[in-house]
Amino acid sequence: MTNILLSRGIIGNSNMIEYFNPYIKKTDQVCIVALSHFPKYTPDEAAYNAYYEKGGEYYQKMIDSFEPYGIKEAQIKWIHYYKDDKKSAIEKIKHADIIYFPGGAPDLMMMRINAFGIKEILEAHQGLFIGSSAGAMIQMASYHMSPDVDYPSFSYEIGLNLLKGFSIEVHYRRRKKQKAALRKVNRAFRQPIYAIPDDGALIVTQESITCIQSAKKIYNNKGVVKN
């Protein structure tokens with residue numbers, strides 16, 4: 001299992017392809033778990049479809065993102081919030097080499113994953129996981145949410161049991177609220193904390209955690225700031 005953690009969906013950016021080429025193959029089948037939507041932005045099925053179905057903004061973005069790796073549109077399947085159920089979602093996950101988690105609402109994505117009954121099958125997947133923003137956060141067995149426009153209060157949340165032993169901060173911009181949240185996380189767990197700005201990424205394997213571009217470790221397990 002390998003995990004790619006992002007703040008933005010930038011796998012198709014020219015300056016990222018060299019880092020991800022060893023992990024994304026042109027023969028791979030992709031499953032996009034499109035369950036991270038905010039109701040205020042996609043309040044009904046029509047709005048959801050306009051974003052995630054063929055012709056939609058996000059749909060095309062993902063097709064374009066995988067194209068540089070030789071992955072065709074027909075190789076990309078979507079877990080659709082309104083049209084799939086547990087059985088069909090599991091089939092798509094089973095046949096996928098790559099599981100992709102979009103950005104959006106991490107807590108709602110986990111709620112829907114649990115409601116679909118696909119948490120265990122996702123955790124059993126042994127291929128590649130890619131996630132941006134919320135999709136990176138839920139790959140952690142537990143994660144924190146720093147205050148922002150969508151989530152005004154700091155909180156700890158439960159994710160998928162894929163990664164543990166470190167924490168991440170997505171969309172890192174050295175904001176005061178982010179720094180305060182990270183000090184709280186550091187005091188609570190005394191484990192490494194990695195900052196992932198919008199143009200950065202982490203590649204996590206069983207052997208190592210590699211920081212790409214602007215991503216960096218900002219706390220080690222002794223609580224020392226690494227700025």
# chains A, B, ... in the order shown; residues from 1 in each chain; ligands from 1
>>> residues_around(residues="range 134-148 of chain A", least_positions_apart="4", cutoff="8 Å", atoms="only C-alpha atoms", output="PyMOL selection string")
chain A and resi 4-7+36+100-106+110+130+152-164+167-168+170+177-178+181+185
>>> residues_around(residues="Tyr41 in chain A", least_positions_apart="4", cutoff="12 Å", atoms="only C-alpha atoms", output="PyMOL selection string")
chain A and resi 36-37+45-51+104-105+150
>>> select_by_dssp(residues="chain A", states="strand (DSSP E or B)", output="number ranges by chain")
A: 2-6, 30-34, 76-80, 98-101, 128-132, 140, 142-145, 155-158, 163, 167-170, 193-196, 201-204, 209-212, 216-219, 225
>>> atom_distance(atom1="CA of Ile71 in chain A", atom2="CA of Gly117 in chain A")
28.2 Å
>>> residues_around(residues="Arg190 in chain A", least_positions_apart="3", cutoff="9 Å", atoms="only C-alpha atoms", output="list of chain:residue names")
A:Phe166, A:Val185, A:Asn186, A:Arg187, A:Ile193, A:Tyr219, A:Asn220, A:Asn221, A:Lys222, A:Gly223
